[in-house]
file entry.cif (mmCIF, C-alpha atoms)
data_run
#
loop_
_atom_site.label_atom_id
_atom_site.label_comp_id
_atom_site.auth_asym_id
_atom_site.auth_seq_id
_atom_site.Cartn_x
_atom_site.Cartn_y
_atom_site.Cartn_z
CA MET A 26 70.87 98.17 4.98
CA LYS A 27 74.26 97.51 3.45
CA PRO A 28 75.13 101.18 2.88
CA HIS A 29 74.05 101.94 6.45
CA HIS A 30 76.39 99.33 7.96
CA ALA A 31 79.36 99.82 5.63
CA PRO A 32 80.98 102.71 7.59
CA ALA A 33 80.65 100.73 10.83
CA ARG A 34 82.24 97.64 9.28
CA ARG A 35 85.09 99.79 7.99
CA ARG A 36 85.61 101.31 11.42
CA HIS A 37 85.79 97.90 13.08
CA ARG A 38 88.23 96.68 10.42
CA LEU A 39 90.43 99.71 11.14
CA VAL A 40 90.35 98.87 14.85
CA VAL A 41 91.54 95.33 14.17
CA GLN A 42 94.32 96.46 11.84
CA ALA A 43 95.50 99.09 14.31
CA LEU A 44 95.45 96.79 17.31
CA LEU A 45 97.45 94.13 15.53
CA SER A 46 100.20 96.68 14.98
CA LEU A 47 99.94 98.67 18.20
CA SER A 48 102.82 97.02 20.05
CA LEU A 49 104.99 95.72 17.24
CA ALA A 50 107.19 98.78 17.79
CA SER A 51 108.08 97.43 21.23
CA THR A 52 109.20 93.98 20.07
CA LEU A 53 112.96 94.44 20.44
CA SER A 54 112.88 96.22 23.77
CA LEU A 55 110.40 93.72 25.20
CA SER A 56 112.42 90.77 23.94
CA GLN A 57 115.48 92.13 25.71
CA ALA A 58 113.56 92.79 28.89
CA ALA A 59 112.04 89.31 28.88
CA SER A 60 115.46 87.69 28.92
CA GLU A 61 116.29 89.58 32.13
CA ALA A 62 112.92 89.32 33.90
CA PRO A 63 111.58 86.80 36.42
CA GLN A 64 110.04 83.75 34.78
CA ALA A 65 106.35 84.73 35.11
CA LEU A 66 106.94 88.20 33.71
CA ALA A 67 109.15 86.88 30.94
CA GLN A 68 106.45 84.38 29.95
CA ALA A 69 103.81 87.14 29.89
CA GLN A 70 106.04 89.30 27.71
CA GLN A 71 106.67 86.48 25.26
CA LEU A 72 102.94 85.76 25.03
CA PHE A 73 102.30 89.46 24.44
CA LEU A 74 104.86 89.55 21.63
CA ALA A 75 103.30 86.48 20.03
CA ALA A 76 99.87 88.11 20.29
CA THR A 77 101.02 91.31 18.57
CA GLN A 78 102.60 89.24 15.82
CA GLY A 79 99.27 87.66 14.90
CA ASP A 80 99.09 84.59 17.17
CA SER A 81 95.44 84.81 18.19
CA ALA A 82 95.79 81.89 20.62
CA ALA A 83 98.37 83.87 22.59
CA ILE A 84 96.07 86.85 23.18
CA GLU A 85 93.90 85.30 25.89
CA LYS A 86 96.94 83.68 27.47
CA ALA A 87 98.68 87.07 27.60
CA VAL A 88 95.60 88.63 29.22
CA GLU A 89 95.51 85.84 31.81
CA ALA A 90 99.25 86.14 32.48
CA TYR A 91 99.17 89.90 33.01
CA THR A 92 95.98 89.62 35.08
CA ALA A 93 97.77 87.22 37.43
CA LEU A 94 100.85 89.45 37.62
CA LEU A 95 98.75 92.54 38.29
CA ARG A 96 96.81 90.70 41.00
CA ALA A 97 100.13 90.17 42.79
CA GLU A 98 101.19 93.81 42.17
CA PRO A 99 97.93 95.77 41.84
CA GLY A 100 99.67 99.15 41.86
CA ASN A 101 102.16 98.43 39.08
CA PRO A 102 101.40 100.83 36.18
CA SER A 103 103.61 98.94 33.70
CA LEU A 104 101.76 95.67 34.25
CA MET A 105 98.41 97.45 34.02
CA ALA A 106 99.43 99.10 30.75
CA LYS A 107 100.48 95.76 29.26
CA LEU A 108 97.19 94.23 30.40
CA GLY A 109 95.41 97.10 28.69
CA ALA A 110 97.24 96.57 25.42
CA ALA A 111 96.66 92.79 25.57
CA THR A 112 92.97 93.29 26.40
CA SER A 113 92.59 95.59 23.42
CA LEU A 114 93.94 92.84 21.20
CA ARG A 115 90.88 90.76 22.08
CA ALA A 116 89.07 92.94 19.54
CA THR A 117 90.83 90.95 16.81
CA THR A 118 89.34 87.64 18.03
CA THR A 119 85.64 88.32 17.43
CA MET A 120 83.48 89.08 14.43
CA LEU A 121 80.90 90.96 16.50
CA PRO A 122 81.34 94.73 16.07
CA TRP A 123 80.09 95.66 19.55
CA LYS A 124 82.47 93.16 21.13
CA LYS A 125 85.39 94.58 19.15
CA MET A 126 84.63 98.04 20.46
CA SER A 127 84.02 96.73 23.98
CA HIS A 128 87.42 95.01 24.10
CA ALA A 129 89.19 98.06 22.69
CA GLU A 130 87.52 100.38 25.17
CA GLU A 131 88.22 98.05 28.11
CA GLY A 132 91.88 97.99 27.13
CA LEU A 133 91.98 101.77 26.88
CA ALA A 134 90.43 102.03 30.35
CA TYR A 135 93.32 99.96 31.77
CA LEU A 136 95.81 102.20 29.98
CA ASP A 137 94.18 105.36 31.31
CA LYS A 138 94.27 103.96 34.85
CA ALA A 139 97.91 102.92 34.44
CA LEU A 140 98.85 106.45 33.43
CA ALA A 141 96.90 107.89 36.36
CA LEU A 142 98.89 105.67 38.75
CA LEU A 143 102.25 107.11 37.70
CA ASN A 144 104.13 109.22 40.23
CA SER A 145 107.70 110.35 40.84
CA THR A 146 108.71 106.99 42.32
CA HIS A 147 108.25 105.40 38.89
CA ASP A 148 110.84 107.65 37.22
CA ALA A 149 113.90 105.90 38.62
CA ALA A 150 115.40 102.61 37.43
CA ALA A 151 118.54 100.58 37.94
CA ALA A 152 121.31 101.08 35.39
CA GLY A 153 120.45 99.57 32.03
CA GLN A 154 116.77 99.14 32.80
CA ILE A 155 113.63 100.94 31.64
CA PRO A 156 111.86 103.08 34.27
CA ILE A 157 108.26 102.09 34.88
CA ALA A 158 107.17 105.62 33.93
CA LEU A 159 108.77 105.37 30.49
CA ASP A 160 107.60 101.80 29.83
CA THR A 161 104.02 102.69 30.79
CA ARG A 162 103.93 105.91 28.77
CA PHE A 163 105.41 104.28 25.69
CA THR A 164 103.00 101.33 25.82
CA ALA A 165 100.11 103.79 26.03
CA ALA A 166 101.55 106.09 23.35
CA SER A 167 102.05 103.20 20.92
CA THR A 168 98.47 102.08 21.46
CA PHE A 169 96.91 105.53 21.18
CA LEU A 170 98.88 106.42 18.05
CA ALA A 171 97.92 103.17 16.33
CA LEU A 172 94.19 103.59 16.83
CA PRO A 173 91.95 105.12 14.15
CA GLY A 174 91.13 108.80 14.49
CA PHE A 175 87.57 108.28 15.75
CA PHE A 176 89.00 107.18 19.11
CA ASN A 177 90.47 110.70 19.52
CA ARG A 178 93.62 109.32 21.17
CA GLY A 179 96.21 110.66 18.72
CA PRO A 180 96.94 113.97 20.51
CA ARG A 181 97.49 112.24 23.83
CA GLY A 182 99.63 109.61 22.16
CA ASN A 183 101.84 112.35 20.70
CA LYS A 184 102.11 114.05 24.09
CA LEU A 185 103.12 110.81 25.81
CA LEU A 186 105.70 110.05 23.12
CA HIS A 187 107.30 113.46 23.61
CA GLU A 188 107.30 112.93 27.38
CA VAL A 189 109.26 109.71 26.87
CA LEU A 190 111.74 111.35 24.49
CA ASN A 191 112.31 114.30 26.83
CA HIS A 192 112.45 112.35 30.09
CA PRO A 193 115.72 112.83 32.04
CA GLN A 194 116.21 109.05 32.29
CA PHE A 195 115.62 108.33 28.61
CA ALA A 196 119.31 108.59 27.67
CA GLN A 197 120.18 105.91 30.25
CA THR A 198 117.69 103.33 28.99
CA PRO A 199 118.83 100.34 26.90
CA LEU A 200 119.68 101.17 23.29
CA ALA A 201 117.00 98.81 21.97
CA PHE A 202 114.34 100.76 23.84
CA ARG A 203 115.66 104.17 22.79
CA ALA A 204 115.79 103.07 19.17
CA THR A 205 112.26 101.70 19.38
CA VAL A 206 111.06 105.10 20.62
CA TRP A 207 113.06 106.91 17.91
CA MET A 208 111.55 104.67 15.22
CA GLN A 209 108.06 105.41 16.55
CA ALA A 210 108.80 109.14 16.64
CA GLY A 211 110.14 108.99 13.08
CA SER A 212 107.03 107.22 11.89
CA VAL A 213 104.77 109.79 13.56
CA ALA A 214 106.78 112.63 11.99
CA GLU A 215 106.49 110.96 8.57
CA GLN A 216 102.73 110.64 8.92
CA GLY A 217 102.62 114.33 9.76
CA GLU A 218 104.73 115.09 6.67
CA ARG A 219 107.56 116.44 8.83
CA ARG A 220 110.30 114.83 6.78
CA ASP A 221 113.27 116.61 8.38
CA GLU A 222 112.12 115.59 11.83
CA ALA A 223 111.63 112.00 10.67
CA ARG A 224 115.16 111.93 9.23
CA LYS A 225 116.56 113.13 12.54
CA PHE A 226 115.05 110.21 14.44
CA TYR A 227 115.99 107.59 11.86
CA GLN A 228 119.55 108.95 11.77
CA LEU A 229 119.79 108.55 15.55
CA VAL A 230 118.90 104.89 15.21
CA GLN A 231 121.50 104.40 12.49
CA GLU A 232 124.26 106.41 14.19
CA HIS A 233 123.95 104.44 17.41
CA GLY A 234 124.14 101.10 15.60
CA ALA A 235 120.85 99.95 17.10
CA PRO A 236 119.26 96.60 16.17
CA GLN A 237 116.76 98.54 14.04
CA ALA A 238 119.53 100.27 12.03
CA SER A 239 118.70 98.49 8.78
CA LYS A 240 115.04 99.50 9.05
CA ALA A 241 116.08 103.08 9.78
CA GLN A 242 118.34 103.06 6.74
CA ALA A 243 115.49 101.86 4.55
CA LYS A 244 113.29 104.64 5.93
CA LEU A 245 115.96 107.23 5.21
CA LYS A 246 116.34 105.97 1.66
CA ALA A 247 112.59 106.15 1.12
CA LEU A 248 112.56 109.74 2.38
CA GLN A 249 115.12 110.70 -0.27
CA SER A 250 112.87 109.59 -3.12
#
call {"tool": "encode", "arguments": {"input": "entry.cif", "output": "structure tokens"}}
result
Amino acid sequence: MKPHHAPARRRHRLVVQALLSLSLASTLSLSQAASEAPQALAQAQQLFLAATQGDSAAIEKAVEAYTALLRAEPGNPSLMAKLGAATSLRATTTMLPWKKMSHAEEGLAYLDKALALLNSTHDAAAAGQIPIALDTRFTAASTFLALPGFFNRGPRGNKLLHEVLNHPQFAQTPLAFRATVWMQAGSVAEQGERRDEARKFYQLVQEHGAPQASKAQAKLKALQS
């Protein structure tokens, strides 16, 4: 029996590892947004950050917080995407393989619905803010790209990431958000062994003096070796 179950156990372990890292890329941009958001949203964002940083107690609280926010704004794709990411993190709180997969799939269903809700009205944003369309797509992209290959979400994650990078409003978003997206794009390029492309994104982070500049510099140094 052990050989039969070993691949399944490995798959569930990969899910947990991926979900714990799925939104760490968004930490800086979310932290900045939380400081400017209404109290309930700011609290949800802080709980979400704590959850992605390994605080298991914050996961259920984040799910509850985003559920309440979404109940008040049922058509908000950004809130639905965050609820999806938080719901997926529930997979890290159980030892039961079928529950891990159930939580992950439920979270992905929220993300798919959030993306389906996007329309042209979500492309605009006030100066210095992140458009709902970009926030939603990047949350989904980060999740899809973090998941193991057997979920078959990588291609869509790559497509969504490129949509964020090429969006007309991307250049007007806060630097912390742009740098977060550039770091994600650099990491994806590295994984695909596209070293020149990875350098380009890390150099953008460094040249703009973003909060992640030191991490970008370390990445650039590693690429030289």
call {"tool": "resolve_selection", "arguments": {"input": "entry.cif", "expression": "the PyMOL selection byres ((chain A and resi 201) around 7)", "output": "compact mmCIF listing (two decimals) with C-alpha atoms, in the frame of the given file"}}
result
# COMPACT_ATOMS: atom_id res chain seq x y z
CA LEU A 53 112.96 94.44 20.44
CA SER A 54 112.88 96.22 23.77
CA PRO A 199 118.83 100.34 26.90
CA LEU A 200 119.68 101.17 23.29
CA PHE A 202 114.34 100.76 23.84
CA ARG A 203 115.66 104.17 22.79
CA ALA A 204 115.79 103.07 19.17
CA THR A 205 112.26 101.70 19.38
CA ALA A 235 120.85 99.95 17.10
CA PRO A 236 119.26 96.60 16.17
call {"tool": "closest_residue", "arguments": {"input": "entry.cif", "among": "A:Lys107, A:His192, A:Arg96, A:His147", "to": "A:Ser167", "atoms": "all atoms listed in the file"}}
result
A:Lys107
call {"tool": "resolve_selection", "arguments": {"input": "entry.cif", "expression": "the PyMOL selection byres ((chain A and resi 148) around 12)", "output": "ChimeraX atom specification"}}
result
/A:102-103,143-147,149-151,154-162,188-189,192-195,197-198
call {"tool": "closest_residue", "arguments": {"input": "entry.cif", "among": "A:Ala223, A:Ala87, A:Gly179, A:Leu142", "to": "A:Gln70", "atoms": "all atoms listed in the file"}}
result
A:Ala87
call {"tool": "atom_distance", "arguments": {"input": "entry.cif", "atom1": "atom CA of A:Ala93", "atom2": "atom CA of A:Met105"}}
result
10.8 Å
call {"tool": "atom_distance", "arguments": {"input": "entry.cif", "atom1": "atom CA of A:Ala210", "atom2": "atom CA of A:Gln68"}}
result
28.2 Å
call {"tool": "residues_near_point", "arguments": {"input": "entry.cif", "point": "(96.9, 91.4, 19.2)", "cutoff": "7 Å", "atoms": "all atoms listed in the file", "output": "count of residues only"}}
result
12
call {"tool": "atom_distance", "arguments": {"input": "entry.cif", "atom1": "atom CA of A:Ala171", "atom2": "atom CA of A:Lys86"}}
result
22.5 Å
call {"tool": "closest_residue", "arguments": {"input": "entry.cif", "among": "A:Ala134, A:Leu104, A:Ala129, A:Ala67", "to": "A:Ala116", "atoms": "only C-alpha atoms"}}
result
A:Ala129
call {"tool": "resolve_selection", "arguments": {"input": "entry.cif", "expression": "the PyMOL selection byres ((chain A and resi 228) around 12)", "output": "number ranges by chain"}}
result
A: 204, 207-208, 210-211, 221-227, 229-235, 237-246, 248
call {"tool": "closest_residue", "arguments": {"input": "entry.cif", "among": "A:Ala196, A:Ser113, A:Asp80, A:Gln209", "to": "A:Glu130", "atoms": "only C-alpha atoms"}}
result
A:Ser113
call {"tool": "closest_residue", "arguments": {"input": "entry.cif", "among": "A:Gly109, A:Met120, A:Phe176, A:Ala214", "to": "A:Ala139", "atoms": "all atoms listed in the file"}}
result
A:Gly109
